[in-house]
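Structure file input-v4.pdb (PDB, C-alpha atoms, pLDDT in the B column) is printed below.
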```
ATOM      1  CA  MET H   1      83.035 108.257  76.154  1.00 91.00           C
ATOM      2  CA  ILE H   2      80.124 107.457  78.414  1.00 96.00           C
ATOM      3  CA  THR H   3      78.309 110.253  80.147  1.00 98.00           C
ATOM      4  CA  VAL H   4      76.402 109.730  83.368  1.00 98.00           C
ATOM      5  CA  PRO H   5      74.464 112.096  85.628  1.00 98.00           C
ATOM      6  CA  SER H   6      76.360 113.275  88.693  1.00 98.00           C
ATOM      7  CA  HIS H   7      74.130 111.243  91.003  1.00 98.00           C
ATOM      8  CA  PRO H   8      75.962 108.753  93.238  1.00 98.00           C
ATOM      9  CA  LYS H   9      73.617 105.977  92.137  1.00 98.00           C
ATOM     10  CA  TYR H  10      75.454 105.897  88.793  1.00 98.00           C
ATOM     11  CA  LEU H  11      78.803 105.120  90.397  1.00 98.00           C
ATOM     12  CA  ALA H  12      77.972 101.411  90.235  1.00 98.00           C
ATOM     13  CA  LEU H  13      77.446 101.741  86.495  1.00 98.00           C
ATOM     14  CA  VAL H  14      80.802 103.465  85.967  1.00 98.00           C
ATOM     15  CA  ARG H  15      82.548 100.809  88.060  1.00 98.00           C
ATOM     16  CA  ALA H  16      80.873  98.040  86.063  1.00 98.00           C
ATOM     17  CA  VAL H  17      81.983  99.534  82.743  1.00 98.00           C
ATOM     18  CA  THR H  18      85.549  99.928  84.020  1.00 98.00           C
ATOM     19  CA  VAL H  19      85.657  96.315  85.167  1.00 97.00           C
ATOM     20  CA  LYS H  20      84.171  95.074  81.897  1.00 97.00           C
ATOM     21  CA  MET H  21      86.772  97.005  79.920  1.00 97.00           C
ATOM     22  CA  GLY H  22      89.584  95.384  81.866  1.00 96.00           C
ATOM     23  CA  VAL H  23      88.155  91.872  81.923  1.00 96.00           C
ATOM     24  CA  GLN H  24      87.293  91.866  78.199  1.00 94.00           C
ATOM     25  CA  ASN H  25      90.887  92.767  77.471  1.00 94.00           C
ATOM     26  CA  LYS H  26      92.368  90.223  79.894  1.00 93.00           C
ATOM     27  CA  VAL H  27      93.954  92.780  82.186  1.00 95.00           C
ATOM     28  CA  ASP H  28      95.262  91.296  85.434  1.00 94.00           C
ATOM     29  CA  GLY H  29      92.470  91.019  88.009  1.00 94.00           C
ATOM     30  CA  SER H  30      94.212  93.028  90.723  1.00 92.00           C
ATOM     31  CA  ILE H  31      94.827  95.900  88.295  1.00 95.00           C
ATOM     32  CA  VAL H  32      91.177  95.818  87.233  1.00 95.00           C
ATOM     33  CA  GLN H  33      90.054  95.997  90.869  1.00 94.00           C
ATOM     34  CA  GLN H  34      92.352  98.894  91.664  1.00 93.00           C
ATOM     35  CA  MET H  35      91.286 100.798  88.546  1.00 96.00           C
ATOM     36  CA  GLU H  36      87.657 100.154  89.461  1.00 97.00           C
ATOM     37  CA  GLN H  37      88.305 101.729  92.835  1.00 96.00           C
ATOM     38  CA  ALA H  38      90.296 104.642  91.375  1.00 96.00           C
ATOM     39  CA  VAL H  39      87.494 105.492  88.944  1.00 98.00           C
ATOM     40  CA  ASP H  40      84.887 105.179  91.695  1.00 97.00           C
ATOM     41  CA  GLU H  41      86.837 107.490  93.992  1.00 96.00           C
ATOM     42  CA  ALA H  42      87.557 110.003  91.233  1.00 96.00           C
ATOM     43  CA  CYS H  43      83.899 110.197  90.172  1.00 97.00           C
ATOM     44  CA  SER H  44      82.832 110.445  93.827  1.00 96.00           C
ATOM     45  CA  ASN H  45      85.202 113.402  94.192  1.00 94.00           C
ATOM     46  CA  VAL H  46      83.631 115.064  91.149  1.00 96.00           C
ATOM     47  CA  ILE H  47      80.173 114.704  92.714  1.00 97.00           C
ATOM     48  CA  LYS H  48      81.344 115.871  96.125  1.00 94.00           C
ATOM     49  CA  HIS H  49      83.743 118.668  95.257  1.00 92.00           C
ATOM     50  CA  ALA H  50      83.373 119.816  91.630  1.00 95.00           C
ATOM     51  CA  TYR H  51      79.567 119.691  91.701  1.00 97.00           C
ATOM     52  CA  ALA H  52      79.080 120.143  95.468  1.00 96.00           C
ATOM     53  CA  GLY H  53      76.542 117.317  95.518  1.00 96.00           C
ATOM     54  CA  ASP H  54      74.404 118.550  92.616  1.00 98.00           C
ATOM     55  CA  PRO H  55      73.032 115.341  91.029  1.00 98.00           C
ATOM     56  CA  ASN H  56      71.906 117.038  87.808  1.00 98.00           C
ATOM     57  CA  LYS H  57      75.283 117.667  86.202  1.00 98.00           C
ATOM     58  CA  GLN H  58      77.214 115.374  83.902  1.00 98.00           C
ATOM     59  CA  ILE H  59      80.343 113.278  84.287  1.00 98.00           C
ATOM     60  CA  GLY H  60      82.161 112.028  81.208  1.00 98.00           C
ATOM     61  CA  VAL H  61      84.253 108.887  81.422  1.00 98.00           C
ATOM     62  CA  THR H  62      86.512 107.759  78.594  1.00 98.00           C
ATOM     63  CA  LEU H  63      88.185 104.363  78.832  1.00 98.00           C
ATOM     64  CA  ARG H  64      91.066 103.353  76.589  1.00 97.00           C
ATOM     65  CA  LEU H  65      93.043 100.197  76.600  1.00 95.00           C
ATOM     66  CA  SER H  66      96.191  99.799  74.577  1.00 93.00           C
ATOM     67  CA  ARG H  67      98.851  97.121  74.709  1.00 91.00           C
ATOM     68  CA  ASP H  68     100.773  99.199  77.219  1.00 93.00           C
ATOM     69  CA  ALA H  69      98.254 101.072  79.297  1.00 95.00           C
ATOM     70  CA  PHE H  70      94.816 101.255  80.806  1.00 97.00           C
ATOM     71  CA  GLU H  71      93.741 104.881  80.608  1.00 97.00           C
ATOM     72  CA  VAL H  72      90.655 106.529  82.060  1.00 98.00           C
ATOM     73  CA  ILE H  73      89.773 110.175  81.557  1.00 98.00           C
ATOM     74  CA  ILE H  74      87.152 111.727  83.821  1.00 98.00           C
ATOM     75  CA  GLU H  75      85.662 115.068  82.841  1.00 98.00           C
ATOM     76  CA  ASP H  76      83.296 117.464  84.527  1.00 98.00           C
ATOM     77  CA  SER H  77      82.146 121.043  84.130  1.00 97.00           C
ATOM     78  CA  GLY H  78      82.225 121.896  87.815  1.00 97.00           C
ATOM     79  CA  ARG H  79      84.423 123.872  90.139  1.00 94.00           C
ATOM     80  CA  LYS H  80      88.110 123.725  89.318  1.00 91.00           C
ATOM     81  CA  ALA H  81      90.153 121.346  91.413  1.00 87.00           C
ATOM     82  CA  ASP H  82      93.721 122.236  92.161  1.00 74.00           C
ATOM     83  CA  LEU H  83      96.593 119.815  92.359  1.00 64.00           C
ATOM     84  CA  ALA H  84      97.049 120.448  96.070  1.00 67.00           C
ATOM     85  CA  SER H  85      93.530 119.137  96.652  1.00 64.00           C
ATOM     86  CA  LEU H  86      94.702 115.804  95.253  1.00 65.00           C
ATOM     87  CA  LYS H  87      96.505 115.149  98.516  1.00 65.00           C
ATOM     88  CA  GLY H  88      94.595 112.952 100.903  1.00 64.00           C
ATOM     89  CA  ARG H  89      94.912 112.762 104.635  1.00 62.00           C
ATOM     90  CA  GLY H  90      97.820 110.929 106.191  1.00 64.00           C
ATOM     91  CA  LEU H  91      97.134 107.212 106.246  1.00 56.00           C
ATOM     92  CA  ASP H  92      98.080 107.095 109.914  1.00 61.00           C
ATOM     93  CA  GLU H  93      95.515 109.722 110.752  1.00 66.00           C
ATOM     94  CA  ILE H  94      92.384 107.754 111.566  1.00 58.00           C
ATOM     95  CA  ARG H  95      89.388 109.875 110.713  1.00 59.00           C
ATOM     96  CA  PRO H  96      86.563 109.709 108.188  1.00 58.00           C
ATOM     97  CA  GLY H  97      87.379 111.083 104.731  1.00 61.00           C
ATOM     98  CA  GLY H  98      90.498 111.825 102.728  1.00 73.00           C
ATOM     99  CA  LEU H  99      91.240 108.257 101.658  1.00 84.00           C
ATOM    100  CA  GLY H 100      89.929 108.410  98.103  1.00 89.00           C
ATOM    101  CA  VAL H 101      93.002 110.119  96.714  1.00 90.00           C
ATOM    102  CA  HIS H 102      95.237 107.390  98.153  1.00 89.00           C
ATOM    103  CA  PHE H 103      93.225 104.737  96.328  1.00 91.00           C
ATOM    104  CA  ILE H 104      93.541 106.688  93.090  1.00 94.00           C
ATOM    105  CA  LYS H 105      97.280 107.170  93.469  1.00 92.00           C
ATOM    106  CA  ARG H 106      98.018 103.594  94.375  1.00 90.00           C
ATOM    107  CA  ALA H 107      96.108 102.290  91.350  1.00 91.00           C
ATOM    108  CA  CYS H 108      97.587 104.599  88.759  1.00 95.00           C
ATOM    109  CA  ASP H 109     101.066 105.390  87.491  1.00 95.00           C
ATOM    110  CA  VAL H 110      99.842 108.749  86.227  1.00 95.00           C
ATOM    111  CA  VAL H 111      97.294 110.977  87.980  1.00 94.00           C
ATOM    112  CA  GLU H 112      97.121 114.257  86.171  1.00 93.00           C
ATOM    113  CA  LEU H 113      94.742 117.178  85.997  1.00 93.00           C
ATOM    114  CA  ASP H 114      94.737 118.546  82.457  1.00 92.00           C
ATOM    115  CA  GLU H 115      95.494 122.245  82.966  1.00 88.00           C
ATOM    116  CA  LYS H 116      94.486 123.028  79.395  1.00 90.00           C
ATOM    117  CA  LYS H 117      90.820 122.422  80.074  1.00 92.00           C
ATOM    118  CA  GLU H 118      89.323 125.862  80.443  1.00 90.00           C
ATOM    119  CA  GLU H 119      86.095 125.016  82.251  1.00 93.00           C
ATOM    120  CA  GLY H 120      85.705 122.182  84.694  1.00 95.00           C
ATOM    121  CA  ASN H 121      88.216 119.403  85.152  1.00 96.00           C
ATOM    122  CA  ARG H 122      89.780 116.640  83.107  1.00 97.00           C
ATOM    123  CA  LEU H 123      91.497 114.024  85.250  1.00 96.00           C
ATOM    124  CA  VAL H 124      93.744 111.585  83.439  1.00 97.00           C
ATOM    125  CA  LEU H 125      94.426 108.243  85.103  1.00 97.00           C
ATOM    126  CA  ILE H 126      96.900 105.846  83.532  1.00 97.00           C
ATOM    127  CA  LYS H 127      97.998 102.421  84.652  1.00 96.00           C
ATOM    128  CA  TYR H 128     100.892 101.012  82.643  1.00 96.00           C
ATOM    129  CA  LEU H 129     100.549  97.329  81.914  1.00 94.00           C
ATOM    130  CA  LYS H 130     103.395  94.881  82.046  1.00 78.00           C
ATOM    131  CA  VAL H 131     103.688  93.307  78.643  1.00 61.00           C
ATOM    132  CA  LYS H 132     105.449  89.964  78.391  1.00 50.00           C
ATOM    133  CA  ARG H 133     108.224  89.817  75.822  1.00 41.00           C
ATOM    134  CA  GLY H 134     107.177  88.010  72.671  1.00 46.00           C
ATOM    135  CA  ASN H 135     103.497  88.415  73.476  1.00 48.00           C
ATOM    136  CA  LYS H 136     101.820  88.810  70.116  1.00 47.00           C
ATOM    137  CA  ASP H 137      98.417  89.434  71.582  1.00 49.00           C
ATOM    138  CA  LYS H 138      97.533  92.936  70.503  1.00 48.00           C
ATOM    139  CA  ARG H 139      94.776  94.614  72.379  1.00 50.00           C
ATOM    140  CA  PRO H 140      92.454  96.937  70.487  1.00 49.00           C
TER     141      PRO H 140
ATOM    142  CA  MET W   1      71.547  97.187  98.718  1.00 85.00           C
ATOM    143  CA  GLU W   2      70.057  95.003 101.399  1.00 93.00           C
ATOM    144  CA  ILE W   3      71.114  95.527 105.013  1.00 96.00           C
ATOM    145  CA  LYS W   4      70.025  92.967 107.565  1.00 96.00           C
ATOM    146  CA  ILE W   5      70.032  93.690 111.283  1.00 97.00           C
ATOM    147  CA  LYS W   6      70.049  90.685 113.585  1.00 95.00           C
ATOM    148  CA  ASP W   7      70.132  90.175 117.342  1.00 94.00           C
ATOM    149  CA  HIS W   8      72.715  87.935 118.927  1.00 92.00           C
ATOM    150  CA  GLU W   9      72.624  87.555 122.713  1.00 90.00           C
ATOM    151  CA  GLY W  10      72.522  91.260 123.475  1.00 88.00           C
ATOM    152  CA  ALA W  11      74.723  92.236 120.560  1.00 94.00           C
ATOM    153  CA  LYS W  12      73.549  93.405 117.159  1.00 96.00           C
ATOM    154  CA  ILE W  13      74.773  92.181 113.817  1.00 97.00           C
ATOM    155  CA  ILE W  14      74.573  94.508 110.844  1.00 97.00           C
ATOM    156  CA  ALA W  15      74.993  92.691 107.543  1.00 97.00           C
ATOM    157  CA  PRO W  16      75.116  94.787 104.374  1.00 97.00           C
ATOM    158  CA  SER W  17      75.396  93.111 100.997  1.00 97.00           C
ATOM    159  CA  GLY W  18      76.810  94.211  97.661  1.00 96.00           C
ATOM    160  CA  ASP W  19      78.974  97.271  97.078  1.00 97.00           C
ATOM    161  CA  ILE W  20      79.407  99.970  99.716  1.00 97.00           C
ATOM    162  CA  ASP W  21      80.097 103.146  97.786  1.00 97.00           C
ATOM    163  CA  MET W  22      79.210 106.812  98.135  1.00 96.00           C
ATOM    164  CA  TYR W  23      75.574 106.035  97.361  1.00 97.00           C
ATOM    165  CA  THR W  24      74.950 102.902  99.388  1.00 97.00           C
ATOM    166  CA  SER W  25      77.075 103.992 102.348  1.00 96.00           C
ATOM    167  CA  LEU W  26      74.326 106.487 103.229  1.00 96.00           C
ATOM    168  CA  GLU W  27      71.989 103.628 104.095  1.00 97.00           C
ATOM    169  CA  VAL W  28      74.682 101.731 105.984  1.00 97.00           C
ATOM    170  CA  ARG W  29      75.509 104.899 107.929  1.00 97.00           C
ATOM    171  CA  LYS W  30      71.855 105.520 108.782  1.00 97.00           C
ATOM    172  CA  LYS W  31      71.358 102.004 110.132  1.00 97.00           C
ATOM    173  CA  LEU W  32      74.675 101.887 111.969  1.00 98.00           C
ATOM    174  CA  LEU W  33      74.159 105.266 113.642  1.00 97.00           C
ATOM    175  CA  ARG W  34      70.646 104.249 114.655  1.00 97.00           C
ATOM    176  CA  LEU W  35      72.146 101.321 116.594  1.00 97.00           C
ATOM    177  CA  ILE W  36      74.836 103.552 118.072  1.00 97.00           C
ATOM    178  CA  ASP W  37      72.203 106.066 119.197  1.00 97.00           C
ATOM    179  CA  GLN W  38      70.702 103.227 121.232  1.00 96.00           C
ATOM    180  CA  LYS W  39      74.148 102.682 122.797  1.00 95.00           C
ATOM    181  CA  ILE W  40      74.240  99.031 121.766  1.00 96.00           C
ATOM    182  CA  PRO W  41      77.377  97.775 123.569  1.00 95.00           C
ATOM    183  CA  VAL W  42      78.570  95.400 120.847  1.00 96.00           C
ATOM    184  CA  ILE W  43      77.862  95.835 117.157  1.00 97.00           C
ATOM    185  CA  MET W  44      79.233  93.207 114.805  1.00 97.00           C
ATOM    186  CA  VAL W  45      79.511  94.021 111.116  1.00 97.00           C
ATOM    187  CA  ASP W  46      79.110  90.990 108.876  1.00 97.00           C
ATOM    188  CA  LEU W  47      80.987  91.733 105.652  1.00 97.00           C
ATOM    189  CA  THR W  48      80.530  88.279 104.119  1.00 96.00           C
ATOM    190  CA  ASP W  49      78.379  89.570 101.265  1.00 96.00           C
ATOM    191  CA  VAL W  50      80.167  92.863 100.726  1.00 97.00           C
ATOM    192  CA  THR W  51      81.842  92.833  97.332  1.00 95.00           C
ATOM    193  CA  TYR W  52      83.405  96.305  97.307  1.00 96.00           C
ATOM    194  CA  ILE W  53      84.044  99.072  99.768  1.00 96.00           C
ATOM    195  CA  GLY W  54      85.074 102.591  98.798  1.00 95.00           C
ATOM    196  CA  SER W  55      86.365 105.432 100.923  1.00 93.00           C
ATOM    197  CA  SER W  56      82.797 106.522 101.781  1.00 94.00           C
ATOM    198  CA  GLY W  57      82.094 103.093 103.241  1.00 94.00           C
ATOM    199  CA  ILE W  58      85.324 103.160 105.201  1.00 93.00           C
ATOM    200  CA  ALA W  59      84.495 106.649 106.473  1.00 92.00           C
ATOM    201  CA  THR W  60      81.130 105.329 107.686  1.00 94.00           C
ATOM    202  CA  PHE W  61      82.795 102.633 109.783  1.00 94.00           C
ATOM    203  CA  VAL W  62      85.465 105.001 111.124  1.00 92.00           C
ATOM    204  CA  GLU W  63      82.699 107.386 112.177  1.00 93.00           C
ATOM    205  CA  GLY W  64      80.840 104.499 113.811  1.00 95.00           C
ATOM    206  CA  LEU W  65      83.945 103.348 115.655  1.00 94.00           C
ATOM    207  CA  LYS W  66      84.649 106.826 116.978  1.00 93.00           C
ATOM    208  CA  SER W  67      81.026 107.341 118.043  1.00 95.00           C
ATOM    209  CA  MET W  68      81.019 104.040 119.931  1.00 96.00           C
ATOM    210  CA  MET W  69      84.159 105.018 121.829  1.00 94.00           C
ATOM    211  CA  SER W  70      82.105 107.684 123.604  1.00 94.00           C
ATOM    212  CA  TYR W  71      80.251 104.973 125.534  1.00 95.00           C
ATOM    213  CA  SER W  72      82.966 102.281 125.423  1.00 95.00           C
ATOM    214  CA  GLY W  73      81.021 100.248 122.887  1.00 95.00           C
ATOM    215  CA  ARG W  74      82.785  97.834 120.568  1.00 95.00           C
ATOM    216  CA  LEU W  75      82.520  97.641 116.817  1.00 96.00           C
ATOM    217  CA  LYS W  76      83.720  94.312 115.448  1.00 96.00           C
ATOM    218  CA  PHE W  77      84.041  92.995 111.915  1.00 97.00           C
ATOM    219  CA  PHE W  78      83.853  89.458 110.582  1.00 96.00           C
ATOM    220  CA  GLY W  79      83.358  87.634 107.283  1.00 96.00           C
ATOM    221  CA  ILE W  80      85.857  89.908 105.593  1.00 95.00           C
ATOM    222  CA  THR W  81      86.606  88.940 102.017  1.00 94.00           C
ATOM    223  CA  ALA W  82      90.158  89.081 100.679  1.00 93.00           C
ATOM    224  CA  ARG W  83      89.384  92.201  98.669  1.00 93.00           C
ATOM    225  CA  VAL W  84      87.859  94.140 101.551  1.00 94.00           C
ATOM    226  CA  GLU W  85      90.648  93.026 103.864  1.00 93.00           C
ATOM    227  CA  GLU W  86      93.215  94.297 101.396  1.00 91.00           C
ATOM    228  CA  ILE W  87      91.439  97.665 101.282  1.00 92.00           C
ATOM    229  CA  PHE W  88      91.364  97.827 105.102  1.00 90.00           C
ATOM    230  CA  ASN W  89      95.046  96.912 105.259  1.00 90.00           C
ATOM    231  CA  PHE W  90      96.031  99.540 102.712  1.00 89.00           C
ATOM    232  CA  SER W  91      94.056 102.135 104.685  1.00 86.00           C
ATOM    233  CA  LYS W  92      95.880 100.970 107.844  1.00 85.00           C
ATOM    234  CA  LEU W  93      92.502 100.321 109.401  1.00 84.00           C
ATOM    235  CA  ASP W  94      93.415  96.741 110.208  1.00 82.00           C
ATOM    236  CA  LYS W  95      95.271  98.329 113.136  1.00 84.00           C
ATOM    237  CA  VAL W  96      92.192 100.039 114.560  1.00 88.00           C
ATOM    238  CA  PHE W  97      89.325  97.795 113.490  1.00 91.00           C
ATOM    239  CA  ASP W  98      88.683  94.598 115.439  1.00 93.00           C
ATOM    240  CA  MET W  99      88.535  91.975 112.704  1.00 94.00           C
ATOM    241  CA  TYR W 100      87.643  88.311 113.208  1.00 95.00           C
ATOM    242  CA  GLY W 101      87.321  85.218 111.062  1.00 92.00           C
ATOM    243  CA  SER W 102      83.855  84.256 112.219  1.00 93.00           C
ATOM    244  CA  MET W 103      80.839  85.602 114.020  1.00 92.00           C
ATOM    245  CA  GLU W 104      81.510  83.332 116.999  1.00 91.00           C
ATOM    246  CA  ASP W 105      85.092  84.569 117.301  1.00 92.00           C
ATOM    247  CA  ALA W 106      83.904  88.159 117.122  1.00 92.00           C
ATOM    248  CA  PHE W 107      81.252  87.568 119.753  1.00 90.00           C
ATOM    249  CA  LYS W 108      83.460  85.673 122.201  1.00 87.00           C
ATOM    250  CA  SER W 109      86.380  88.104 122.176  1.00 84.00           C
TER     251      SER W 109
END
```

Using the file provided, produce a representation of the structure as structure tokens.
Amino acid sequence: MITVPSHPKYLALVRAVTVKMGVQNKVDGSIVQQMEQAVDEACSNVIKHAYAGDPNKQIGVTLRLSRDAFEVIIEDSGRKADLASLKGRGLDEIRPGGLGVHFIKRACDVVELDEKKEEGNRLVLIKYLKVKRGNKDKRP
Amino acid sequence: MEIKIKDHEGAKIIAPSGDIDMYTSLEVRKKLLRLIDQKIPVIMVDLTDVTYIGSSGIATFVEGLKSMMSYSGRLKFFGITARVEEIFNFSKLDKVFDMYGSMEDAFKS
């Protein structure tokens, strides 16, 4: 897990690590880009909503890549999010804000808030990877 | 992030470079709104060197577009990379943003 301060200037770092994880493991480029955006939007939401803009908190990001899935877990100790807040604005409604959730949902097959976490939030993002039959390449 | 502002025959070109995320969009917003405060009739956004745009960046441009409507100004985009275009399309903003292939096309329209 990497831990970064909840300052928006570290979003670039989290995106870079996400991209590196995908590229090193030969994940399809479009999936890497969408996961990069999902992680960026999720961490931005933590800063904005869970920490209400406080730059002195911590965000934990765990990246896992298996043969079947690209998984990212984002943890904070801020205000609890509820599942209803994971709905963005309608895409046809043209106004600033509310798009981040759509980028997260389009990138990931699973978007789940871990209800078992007592304090703060643990957001689990999973993108399942298509594995070609007979592919012997095993990712770490 | 570097943001260049250029004049072009009465219009202004704003050219950010790099990633536009929650952090860098603040600077883009500041510069864009400064131009809008001056009621510049045509502002062209050169996205040639923009490598990523997140929802905060999109929100900045939507806010700019709406602010310019108050004085019938026009916000136009050009130099859009495939990735940024795809993000605009997904957000359905290709229907509301004026997007052009080149600066000349954007200026002439």

Fill in: Who sits within 9 Å of Arg64 in chain H, all atoms listed in the file, same chain under 2 positions skipped, as a list in words
Met21, Thr62, Ser66, Ala69, Phe70, Glu71, Val72, Ile73 and Pro140 of chain H

Worksheet entry | Residues in the ChimeraX specification (/H :<12) & /W, expressed as a count of residues only | 42

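For the atom pair formed by CA of Ser6 in chain H and CA of Tyr128 in chain H, the distance is 28.1 Å, given to one decimal.
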
Item to complete: Name all residues at most 12 Å from Glu115 in chain H (count all atoms listed in the file; drop same-chain ones fewer than 4 positions away) and give them as a VMD selection string.
Response: chain H and resid 80 to 83 119 to 124

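Reported to one decimal place, the separation of CA of Arg79 in chain H from CA of Gln58 in chain H is 12.8 Å.
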
Exactly which residues make up the result of the PyMOL selection byres ((chain W and resi 11-13) around 8) on this file, given as a PDB file with C-alpha atoms, keeping the file's coordinate frame?
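Output contents, as saved in out-v6.pdb:
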```pdb
ATOM      1  CA  LYS W   4      70.025  92.967 107.565  1.00 96.00           C
ATOM      2  CA  ILE W   5      70.032  93.690 111.283  1.00 97.00           C
ATOM      3  CA  LYS W   6      70.049  90.685 113.585  1.00 95.00           C
ATOM      4  CA  ASP W   7      70.132  90.175 117.342  1.00 94.00           C
ATOM      5  CA  HIS W   8      72.715  87.935 118.927  1.00 92.00           C
ATOM      6  CA  GLU W   9      72.624  87.555 122.713  1.00 90.00           C
ATOM      7  CA  GLY W  10      72.522  91.260 123.475  1.00 88.00           C
ATOM      8  CA  ILE W  14      74.573  94.508 110.844  1.00 97.00           C
ATOM      9  CA  ALA W  15      74.993  92.691 107.543  1.00 97.00           C
ATOM     10  CA  ILE W  40      74.240  99.031 121.766  1.00 96.00           C
ATOM     11  CA  PRO W  41      77.377  97.775 123.569  1.00 95.00           C
ATOM     12  CA  VAL W  42      78.570  95.400 120.847  1.00 96.00           C
ATOM     13  CA  ILE W  43      77.862  95.835 117.157  1.00 97.00           C
ATOM     14  CA  MET W  44      79.233  93.207 114.805  1.00 97.00           C
ATOM     15  CA  VAL W  45      79.511  94.021 111.116  1.00 97.00           C
ATOM     16  CA  ASP W  46      79.110  90.990 108.876  1.00 97.00           C
TER      17      ASP W  46
END
```

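Selection by the PyMOL selection byres ((chain H and resi 60) around 7) on the present file picks out H:Met1, H:Ile2, H:Thr3, H:Val4, H:Gln58, H:Ile59, H:Val61, H:Thr62, H:Ile74, H:Glu75, H:Asp76.
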
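The space between CA of Met69 in chain W and CA of Glu2 in chain W spans 26.8 Å.
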
Please write out, as lines of an AutoDock Vina configuration file, where the centre of an axis-aligned box around all listed atoms of range 28-38 of chain H lies and how long its edges are, in Å to one decimal, after adding 6 Å on each side.
```
center_x = 91.5
center_y = 97.8
center_z = 89.1
size_x = 19.6
size_y = 25.6
size_z = 19.4
```

Practice prompt. Can you pull out every residue within 8 Å of range 101-105 of chain W, counting all atoms listed in the file, but drop anything in the same chain fewer than 2 positions away, and send it as a PyMOL selection string?
Written response: chain W and resi 44+46+78-80+99+107-109
